[in-house]
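Text of the file entry10.cif, holding mmCIF, C-alpha atoms and all ligand atoms:
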```cif
data_final
#
loop_
_atom_site.label_atom_id
_atom_site.label_comp_id
_atom_site.auth_asym_id
_atom_site.auth_seq_id
_atom_site.Cartn_x
_atom_site.Cartn_y
_atom_site.Cartn_z
CA MET A 1272 108.60 -15.95 -99.69
CA ILE A 1273 110.65 -13.86 -102.12
CA VAL A 1274 111.37 -15.05 -105.67
CA PRO A 1275 114.06 -13.13 -107.57
CA ALA A 1276 113.08 -13.57 -111.24
CA ALA A 1277 114.45 -10.40 -112.86
CA GLY A 1278 117.61 -11.86 -114.40
CA ARG A 1279 118.27 -12.01 -118.12
CA GLY A 1280 119.68 -15.53 -118.23
CA GLU A 1281 122.72 -14.59 -120.28
CA ARG A 1282 124.46 -17.91 -119.69
CA LEU A 1283 121.42 -19.73 -121.08
CA GLY A 1284 121.89 -17.97 -124.41
CA PRO A 1285 119.66 -15.66 -126.49
CA GLY A 1286 115.92 -15.63 -125.83
CA ALA A 1287 113.36 -14.47 -123.30
CA PRO A 1288 114.42 -13.63 -119.71
CA LYS A 1289 115.30 -16.93 -118.03
CA ALA A 1290 112.28 -17.11 -115.71
CA MET A 1291 110.02 -16.85 -118.79
CA ARG A 1292 111.72 -19.70 -120.67
CA SER A 1293 109.53 -22.72 -121.23
CA LEU A 1294 109.91 -25.93 -119.26
CA GLY A 1295 107.43 -28.61 -120.34
CA GLY A 1296 105.39 -25.92 -122.11
CA VAL A 1297 105.09 -23.60 -119.08
CA PRO A 1298 107.46 -20.76 -118.05
CA MET A 1299 109.97 -21.77 -115.37
CA LEU A 1300 108.61 -19.09 -113.05
CA VAL A 1301 105.17 -20.75 -113.04
CA HIS A 1302 106.70 -24.06 -111.93
CA ALA A 1303 108.63 -22.31 -109.16
CA VAL A 1304 105.71 -20.23 -107.86
CA ARG A 1305 103.36 -23.22 -107.98
CA ALA A 1306 105.75 -25.29 -105.85
CA LEU A 1307 106.43 -22.50 -103.35
CA ALA A 1308 102.82 -21.43 -102.98
CA SER A 1309 101.78 -24.97 -102.15
CA ALA A 1310 104.29 -25.33 -99.30
CA ARG A 1311 102.57 -25.33 -95.92
CA ALA A 1312 105.12 -22.85 -94.57
CA VAL A 1313 104.39 -20.18 -97.21
CA ASP A 1314 101.65 -17.51 -96.84
CA LEU A 1315 102.64 -15.11 -99.64
CA VAL A 1316 104.96 -15.23 -102.66
CA VAL A 1317 106.52 -11.92 -103.79
CA VAL A 1318 108.08 -12.16 -107.27
CA ALA A 1319 110.72 -9.64 -108.40
CA ALA A 1320 110.18 -9.39 -112.17
CA PRO A 1321 112.18 -7.55 -114.84
CA GLU A 1322 111.38 -3.83 -114.44
CA ASP A 1323 109.49 -3.65 -117.74
CA GLY A 1324 107.77 -6.97 -117.18
CA VAL A 1325 105.69 -6.47 -114.03
CA ASP A 1326 102.34 -6.39 -115.85
CA ASP A 1327 103.19 -9.35 -118.09
CA VAL A 1328 104.37 -11.46 -115.17
CA THR A 1329 101.28 -10.56 -113.14
CA ALA A 1330 99.08 -11.59 -116.08
CA LEU A 1331 101.03 -14.84 -116.52
CA LEU A 1332 100.62 -15.81 -112.86
CA ALA A 1333 96.92 -14.84 -112.97
CA GLU A 1334 96.44 -17.02 -116.07
CA HIS A 1335 97.77 -19.96 -114.04
CA GLY A 1336 95.56 -19.13 -111.06
CA LEU A 1337 98.51 -18.19 -108.86
CA VAL A 1338 97.77 -14.56 -107.91
CA ASP A 1339 94.86 -15.04 -105.52
CA SER A 1340 95.31 -17.37 -102.60
CA ALA A 1341 93.22 -20.53 -102.54
CA PRO A 1342 92.67 -23.24 -99.91
CA GLY A 1343 96.07 -24.85 -99.34
CA ARG A 1344 97.84 -22.37 -101.59
CA ALA A 1345 99.35 -18.92 -100.98
CA GLY A 1346 98.78 -16.00 -103.34
CA ALA A 1347 101.46 -14.12 -105.28
CA LEU A 1348 102.25 -10.48 -105.96
CA VAL A 1349 104.73 -9.03 -108.43
CA VAL A 1350 107.15 -6.12 -107.89
CA ALA A 1351 109.86 -4.60 -110.10
CA GLY A 1352 113.30 -6.15 -109.65
CA GLY A 1353 116.64 -4.36 -110.05
CA ASP A 1354 119.95 -4.60 -111.94
CA THR A 1355 121.41 -7.23 -109.62
CA ARG A 1356 119.94 -10.19 -107.79
CA GLN A 1357 120.77 -8.42 -104.53
CA GLU A 1358 118.77 -5.36 -105.59
CA SER A 1359 115.85 -7.50 -106.77
CA VAL A 1360 115.66 -9.24 -103.37
CA ALA A 1361 115.96 -5.90 -101.53
CA ARG A 1362 113.03 -4.46 -103.46
CA ALA A 1363 110.84 -7.49 -102.78
CA LEU A 1364 111.84 -7.41 -99.11
CA ASN A 1365 110.67 -3.80 -98.87
CA SER A 1366 107.24 -4.76 -100.12
CA LEU A 1367 106.58 -7.52 -97.58
CA PRO A 1368 103.69 -6.94 -95.15
CA ALA A 1369 104.71 -5.91 -91.63
CA ASP A 1370 103.51 -9.12 -89.98
CA VAL A 1371 105.89 -11.43 -91.86
CA ASP A 1372 108.71 -12.55 -89.57
CA VAL A 1373 110.26 -15.49 -91.44
CA VAL A 1374 111.40 -14.88 -95.03
CA LEU A 1375 112.47 -17.48 -97.58
CA VAL A 1376 114.27 -16.44 -100.77
CA HIS A 1377 114.11 -18.77 -103.78
CA ASP A 1378 115.56 -18.39 -107.28
CA ALA A 1379 113.01 -18.62 -110.09
CA ALA A 1380 115.85 -20.39 -111.91
CA ARG A 1381 115.32 -23.44 -109.63
CA PRO A 1382 111.87 -24.36 -110.97
CA LEU A 1383 111.75 -27.98 -109.79
CA VAL A 1384 112.41 -27.35 -106.10
CA PRO A 1385 110.64 -30.03 -104.04
CA VAL A 1386 108.02 -28.68 -101.64
CA SER A 1387 109.64 -30.80 -98.91
CA LEU A 1388 112.82 -28.70 -99.16
CA VAL A 1389 110.85 -25.46 -98.77
CA ASP A 1390 109.17 -26.80 -95.64
CA ALA A 1391 112.48 -28.12 -94.23
CA VAL A 1392 114.19 -24.73 -94.58
CA ALA A 1393 111.23 -22.90 -93.03
CA ALA A 1394 111.14 -25.40 -90.17
CA ALA A 1395 114.84 -24.82 -89.43
CA VAL A 1396 114.25 -21.06 -89.15
CA ARG A 1397 111.17 -21.56 -86.99
CA GLY A 1398 113.31 -23.92 -84.90
CA GLY A 1399 115.56 -21.02 -83.95
CA ALA A 1400 118.18 -20.49 -86.67
CA ASP A 1401 118.69 -16.91 -87.96
CA ALA A 1402 119.82 -18.02 -91.42
CA VAL A 1403 119.47 -21.41 -93.14
CA VAL A 1404 120.78 -22.61 -96.51
CA PRO A 1405 120.39 -25.98 -98.26
CA GLY A 1406 123.70 -27.50 -99.34
CA LEU A 1407 124.95 -30.60 -101.14
CA PRO A 1408 128.39 -32.23 -101.15
CA VAL A 1409 130.52 -31.15 -104.10
CA ALA A 1410 131.24 -33.80 -106.76
CA ASP A 1411 134.09 -32.12 -108.62
CA THR A 1412 137.50 -31.28 -107.22
CA ILE A 1413 137.54 -27.48 -106.80
CA LYS A 1414 140.73 -25.48 -107.37
CA SER A 1415 141.25 -21.75 -107.03
CA VAL A 1416 143.20 -20.02 -109.81
CA ASP A 1417 145.01 -16.72 -110.28
CA ALA A 1418 144.31 -14.13 -112.99
CA ALA A 1419 146.39 -16.14 -115.50
CA ASP A 1420 144.38 -19.32 -114.80
CA VAL A 1421 147.27 -20.91 -112.95
CA VAL A 1422 146.14 -23.06 -110.03
CA SER A 1423 146.86 -21.51 -106.66
CA ALA A 1424 145.20 -24.08 -104.40
CA THR A 1425 143.12 -27.24 -104.26
CA LEU A 1426 140.32 -26.85 -101.76
CA ASP A 1427 139.39 -29.62 -99.34
CA ARG A 1428 136.30 -31.04 -101.01
CA GLY A 1429 135.06 -32.61 -97.80
CA ALA A 1430 134.61 -29.14 -96.30
CA LEU A 1431 132.76 -27.68 -99.32
CA ARG A 1432 129.01 -27.53 -100.01
CA ALA A 1433 127.20 -26.40 -103.15
CA ILE A 1434 124.56 -24.01 -101.83
CA GLN A 1435 121.03 -23.87 -103.19
CA THR A 1436 117.82 -22.01 -102.47
CA PRO A 1437 115.37 -21.60 -100.81
CA GLN A 1438 117.41 -19.85 -98.14
CA GLY A 1439 115.51 -18.96 -94.99
CA PHE A 1440 115.96 -16.05 -92.57
CA ARG A 1441 114.47 -14.29 -89.61
CA ARG A 1442 113.14 -11.20 -91.31
CA ALA A 1443 115.15 -8.87 -89.06
CA THR A 1444 118.37 -10.73 -89.92
CA LEU A 1445 117.77 -10.48 -93.67
CA ALA A 1446 116.67 -6.83 -93.50
CA GLU A 1447 119.76 -5.88 -91.49
CA ALA A 1448 122.01 -7.76 -93.93
CA HIS A 1449 120.49 -6.02 -96.95
CA ALA A 1450 120.62 -2.61 -95.26
CA ALA A 1451 124.37 -3.08 -94.75
CA ALA A 1452 125.00 -4.52 -98.25
CA ASP A 1453 127.38 -2.84 -100.68
CA PRO A 1454 125.66 -2.17 -104.03
CA ASP A 1455 129.09 -2.14 -105.73
CA ALA A 1456 129.96 -5.64 -104.50
CA PRO A 1457 126.66 -7.46 -104.91
CA ALA A 1458 126.35 -10.91 -103.37
CA THR A 1459 125.17 -13.90 -105.41
CA ASP A 1460 123.14 -15.19 -102.49
CA ASP A 1461 121.52 -13.70 -99.42
CA ALA A 1462 123.36 -15.77 -96.85
CA ASP A 1463 126.63 -14.13 -97.96
CA LEU A 1464 125.25 -10.77 -96.76
CA VAL A 1465 124.53 -12.29 -93.34
CA GLU A 1466 128.04 -13.82 -93.26
CA ARG A 1467 129.60 -10.41 -94.02
CA LEU A 1468 127.99 -9.13 -90.81
CA GLY A 1469 129.41 -12.07 -88.88
CA GLY A 1470 126.06 -13.85 -88.64
CA LYS A 1471 125.70 -17.61 -88.25
CA VAL A 1472 124.41 -19.47 -91.32
CA VAL A 1473 123.32 -23.09 -90.85
CA VAL A 1474 123.40 -25.65 -93.68
CA VAL A 1475 120.60 -28.23 -94.00
CA PRO A 1476 120.62 -31.06 -96.57
CA GLY A 1477 119.84 -29.78 -100.07
CA ASP A 1478 118.01 -31.66 -102.81
CA GLU A 1479 119.37 -32.55 -106.24
CA GLU A 1480 116.07 -31.55 -107.85
CA ALA A 1481 116.52 -27.99 -106.54
CA PHE A 1482 119.35 -27.51 -109.08
CA LYS A 1483 119.66 -24.16 -110.84
CA VAL A 1484 119.00 -23.85 -114.55
CA THR A 1485 122.00 -21.83 -115.65
CA ARG A 1486 123.35 -23.24 -118.93
CA PRO A 1487 121.56 -24.94 -121.86
CA LEU A 1488 122.33 -28.46 -120.60
CA ASP A 1489 120.55 -27.66 -117.32
CA LEU A 1490 117.37 -27.13 -119.31
CA VAL A 1491 117.75 -30.60 -120.86
CA LEU A 1492 118.05 -32.07 -117.35
CA ALA A 1493 115.05 -30.06 -116.13
CA GLU A 1494 112.92 -31.33 -119.03
CA ALA A 1495 113.96 -34.90 -118.19
CA VAL A 1496 113.13 -34.52 -114.48
CA LEU A 1497 109.76 -33.00 -115.33
CA ALA A 1498 108.98 -35.79 -117.84
CA ARG A 1499 109.84 -38.38 -115.17
CA ARG A 1500 107.54 -36.66 -112.66
CA ARG A 1501 104.73 -36.49 -115.19
CA ALA A 1502 105.16 -40.16 -116.09
CA ALA A 1503 104.95 -40.98 -112.38
CA GLY A 1504 101.80 -38.86 -112.10
CA VAL A 1505 103.48 -36.49 -109.62
CA VAL A 1506 102.52 -33.32 -111.52
CA ALA A 1507 99.85 -32.39 -114.06
N1 LIG B 1 117.94 -12.29 -110.64
C1 LIG B 1 117.14 -11.18 -110.34
N2 LIG B 1 117.55 -9.92 -110.67
C2 LIG B 1 118.72 -9.74 -111.33
C3 LIG B 1 119.56 -10.85 -111.62
C4 LIG B 1 119.14 -12.13 -111.25
O1 LIG B 1 116.06 -11.34 -109.77
N3 LIG B 1 119.07 -8.49 -111.67
C5 LIG B 1 117.45 -13.64 -110.31
C6 LIG B 1 117.34 -14.54 -111.56
O2 LIG B 1 116.12 -14.26 -112.24
C7 LIG B 1 117.42 -15.94 -110.98
C8 LIG B 1 118.24 -15.74 -109.69
O3 LIG B 1 118.34 -14.33 -109.47
O4 LIG B 1 116.15 -16.47 -110.66
C9 LIG B 1 119.60 -16.40 -109.80
O5 LIG B 1 120.39 -15.71 -110.76
P1 LIG B 1 121.08 -16.36 -112.02
O6 LIG B 1 120.96 -17.83 -112.03
O7 LIG B 1 122.41 -15.71 -112.18
O8 LIG B 1 120.09 -15.87 -113.21
P2 LIG B 1 120.36 -14.76 -114.32
O9 LIG B 1 121.03 -13.58 -113.71
O10 LIG B 1 119.06 -14.56 -115.01
O11 LIG B 1 121.35 -15.55 -115.31
P3 LIG B 1 122.74 -15.03 -115.93
O12 LIG B 1 123.61 -14.70 -114.73
O13 LIG B 1 123.22 -16.19 -116.72
O14 LIG B 1 122.40 -13.83 -116.76
MG MG B 2 123.02 -13.80 -112.86
#
```
Translate the structure of the given file into structure tokens.
Amino acid sequence: MIVPAAGRGERLGPGAPKAMRSLGGVPMLVHAVRALASARAVDLVVVAAPEDGVDDVTALLAEHGLVDSAPGRAGALVVAGGDTRQESVARALNSLPADVDVVLVHDAARPLVPVSLVDAVAAAVRGGADAVVPGLPVADTIKSVDAADVVSATLDRGALRAIQTPQGFRRATLAEAHAAADPDAPATDDADLVERLGGKVVVVPGDEEAFKVTRPLDLVLAEAVLARRRAAGVVA
């Protein structure tokens, strides 16, 4: 399992790097790693941290008991990320042990991902797919525009999916896709790199709670979801 967590979170506004922002009193990254590490399908979590933050992130995860593996929970290790998400994933991929043959990639910015979604994506890869992404139907009407913001087309909403993470891959597929990737045209997700090579990417049902915290309002929603889980006794 790879967790890109080296972004600055510019769209969230001024403050700490996004993965370090608090959600219910705990950094988002801790929520994400805790969920991923407790998935049955996951043996190891490799976090790509901001380059100058590797020691701090390692200490943070250790403080929450997430570095060493425990019964029913995978351990985590931290590597330096890069200037783009693509580069951060590539660096983490290079540090995976040789015996790993299925790799999941999950954004730290999706801290409330349900464990069931992690296991479903892993199961689809183990079931024979080379590349698997969770997707949800799109609620808004999506239009493409030209450089002057004039509408050029209305896309058929029924054929669109909003794609989430975790995305799952045969390791060889993901490694080949990253080896062929263009650093000057970085992809915003890993499946795009597989698509560029003509690979088949399968969509499985996503989960609304795997939403990405991007803008300030997303943090309000995340706090509300977490409060609801806590009230229901789902999380500590
Ligand atoms: N990411 C990363 N390395 C980068 C850029 C992004 O590991 N150089 C990670 C982010 O930490 C996040 C995930 O990729 O977990 C998805 O990226 P995004 O939501 O765009 O996060 P940021 O890049 O941090 O946000 P922004 O684009 O608003 O600055
Ligand atoms: Mg970004």
### Task
Find the residues near Arg1279 (chain A): any atom within 9 Å, counting only C-alpha atoms, skip ones fewer than 6 places away on the same chain, and give them as a ChimeraX atom specification.
/A:1286-1290,1321
### Message
(103.1, -20.6, -112.5) in this file's frame - what residues fall within 10 Å of it? Use all atoms listed in the file and give the answer as a PyMOL selection string.
### Response
chain A and resi 1297-1308+1328+1331-1338+1347+1382
Closest contacts (chain A/ligand LIG 1 (chain B), max 10 Å, all atoms listed in the file) as CSV:
```
residue,atom,partner,partner_atom,distance
A:Ile1273,CA,B:LIG1,O1,9.7
A:Val1274,CA,B:LIG1,O4,7.1
A:Pro1275,CA,B:LIG1,O1,3.5
A:Ala1276,CA,B:LIG1,O2,3.3
A:Ala1277,CA,B:LIG1,O1,3.6
A:Gly1278,CA,B:LIG1,O10,3.1
A:Arg1279,CA,B:LIG1,O10,4.1
A:Gly1280,CA,B:LIG1,O11,3.4
A:Glu1281,CA,B:LIG1,O14,3.6
A:Arg1282,CA,B:LIG1,O13,3.6
A:Leu1283,CA,B:LIG1,O13,5.9
A:Gly1284,CA,B:LIG1,O13,8.0
A:Pro1288,CA,B:LIG1,O10,6.7
A:Lys1289,CA,B:LIG1,O10,5.4
A:Ala1290,CA,B:LIG1,O2,5.9
A:Met1291,CA,B:LIG1,O2,9.3
A:Met1299,CA,B:LIG1,O4,9.4
A:Leu1300,CA,B:LIG1,O4,8.3
A:Ala1303,CA,B:LIG1,O4,9.6
A:Val1318,CA,B:LIG1,O1,8.4
A:Ala1319,CA,B:LIG1,O1,5.8
A:Ala1320,CA,B:LIG1,O1,6.6
A:Pro1321,CA,B:LIG1,N2,7.2
A:Glu1322,CA,B:LIG1,N3,9.4
A:Ala1351,CA,B:LIG1,O1,9.2
A:Gly1352,CA,B:LIG1,N2,5.8
A:Gly1353,CA,B:LIG1,N3,5.1
A:Asp1354,CA,B:LIG1,N3,4.0
A:Thr1355,CA,B:LIG1,N3,3.4
A:Arg1356,CA,B:LIG1,N2,3.8
A:Gln1357,CA,B:LIG1,N2,7.1
A:Glu1358,CA,B:LIG1,N3,6.8
A:Ser1359,CA,B:LIG1,O1,4.9
A:Val1360,CA,B:LIG1,O1,6.7
A:Ala1361,CA,B:LIG1,O1,9.9
A:Arg1362,CA,B:LIG1,O1,9.8
A:Ala1363,CA,B:LIG1,O1,9.5
A:Val1376,CA,B:LIG1,C8,9.8
A:His1377,CA,B:LIG1,O4,7.5
A:Asp1378,CA,B:LIG1,O4,3.9
A:Ala1379,CA,B:LIG1,O4,3.8
A:Ala1380,CA,B:LIG1,O4,4.1
A:Arg1381,CA,B:LIG1,O4,7.1
A:Pro1382,CA,B:LIG1,O4,9.0
A:Thr1436,CA,B:LIG1,C9,9.4
A:Thr1459,CA,B:LIG1,O5,7.4
A:Asp1460,CA,B:LIG1,C9,8.2
A:Lys1483,CA,B:LIG1,O6,6.6
A:Val1484,CA,B:LIG1,O6,6.8
A:Thr1485,CA,B:LIG1,O6,5.5
A:Arg1486,CA,B:LIG1,O13,7.4
```
### Task
Measuring atom to atom with all atoms listed in the file, identify which of A:Arg1467, A:Arg1344, A:Lys1414, A:Arg1432 is nearest to Glu1447 (chain A).
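Going through A:Arg1467, A:Arg1344, A:Lys1414, A:Arg1432 one by one, the smallest distance to Glu1447 (chain A) is for A:Arg1467.
Using all atoms listed in the file, the shortest contact distance between ligand MG 2 (chain B) and any of A:Ala1458, A:Ala1400, A:Ala1502, A:Val1373 is found at A:Ala1458.
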### Query
CA of Ser1340 (chain A) and CA of Leu1315 (chain A), how far apart in Å?
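Distance between the two atoms: 8.2 Å.
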### Query
Using all atoms listed in the file, which residues sit within 10 Å of Thr1425 (chain A) once same-chain residues fewer than 4 positions away are excluded, as a list of chain:residue names?
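Non-adjacent residues within range: A:Thr1412, A:Ile1413, A:Lys1414, A:Ser1415, A:Val1416.
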Same residues, C-alpha atoms, saved as a compact mmCIF listing (two decimals), in the frame of the given file:
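Saved file selection.txt follows:
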```txt
# COMPACT_ATOMS: atom_id res chain seq x y z
CA THR A 1412 137.50 -31.28 -107.22
CA ILE A 1413 137.54 -27.48 -106.80
CA LYS A 1414 140.73 -25.48 -107.37
CA SER A 1415 141.25 -21.75 -107.03
CA VAL A 1416 143.20 -20.02 -109.81
```
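Interatomic distance, CA of Val1374 (chain A) against CA of Val1474 (chain A): 16.2 Å.
When only C-alpha atoms are used to measure the gap to Met1272 (chain A), the shortest distance among A:Val1404, A:Phe1440, A:Asp1327, A:Gly1398 belongs to A:Phe1440.
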### Message
Could you list, as a list in words, every residue within 9 Å of Ala1430 (chain A), counting only C-alpha atoms and ignoring same-chain residues fewer than 3 positions away?
### Response
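Skipping anything fewer than 3 positions along the chain leaves Pro1408, Leu1426 and Asp1427 of chain A.
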### Query
Rounded to one decimal in Å, what is the spacing between CA of Ile1434 (chain A) and CA of Val1371 (chain A)?
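Interatomic distance, CA of Ile1434 (chain A) to CA of Val1371 (chain A): 24.6 Å.
If you measure from each of A:Pro1457, A:Gly1343, A:Pro1405, A:Pro1437 to ligand MG 2 (chain B) using only C-alpha atoms and all ligand atoms, the closest one turns out to be A:Pro1457.
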Would you compute, for all listed atoms of region 1375-1378 of chain A, the axis-aligned bounding box grown by 3 Å on each side, and then report its centre and edge lengths in Å rounded to one decimal, as JSON?
```
{"center_x": 114.0, "center_y": -17.6, "center_z": -102.4, "size_x": 9.1, "size_y": 8.3, "size_z": 15.7}
```
### Message
Residues near Asp1390 (chain A), anyone? I mean within 7 Å using only C-alpha atoms, not counting same-chain ones fewer than 5 positions away, as a PyMOL selection string.
### Response
chain A and resi 1310-1312
Who sits within 7 Å of Gly1477 (chain A), all atoms listed in the file, same chain under 5 positions skipped, as a compact mmCIF listing (two decimals) with C-alpha atoms, in the coordinates of the input:
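In the end it all went to result-v7.txt:
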```
# COMPACT_ATOMS: atom_id res chain seq x y z
CA PRO A 1405 120.39 -25.98 -98.26
CA GLY A 1406 123.70 -27.50 -99.34
CA LEU A 1407 124.95 -30.60 -101.14
CA GLN A 1435 121.03 -23.87 -103.19
```
### Message
For a quick check of understanding, using all atoms listed in the file, which of A:Arg1428, A:Val1475, A:Ala1495, A:Ala1345 has the smallest distance to Val1396 (chain A)?
### Response
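The closest residue to Val1396 (chain A) is A:Val1475.
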### Task
Anything within 12 Å of (128.3, -14.9, -89.1): list those residues as an MDAnalysis selection string, counting all atoms listed in the file and sticking to the file's coordinates.
chainID A and resid 1400:1403 1444 1448 1462:1473
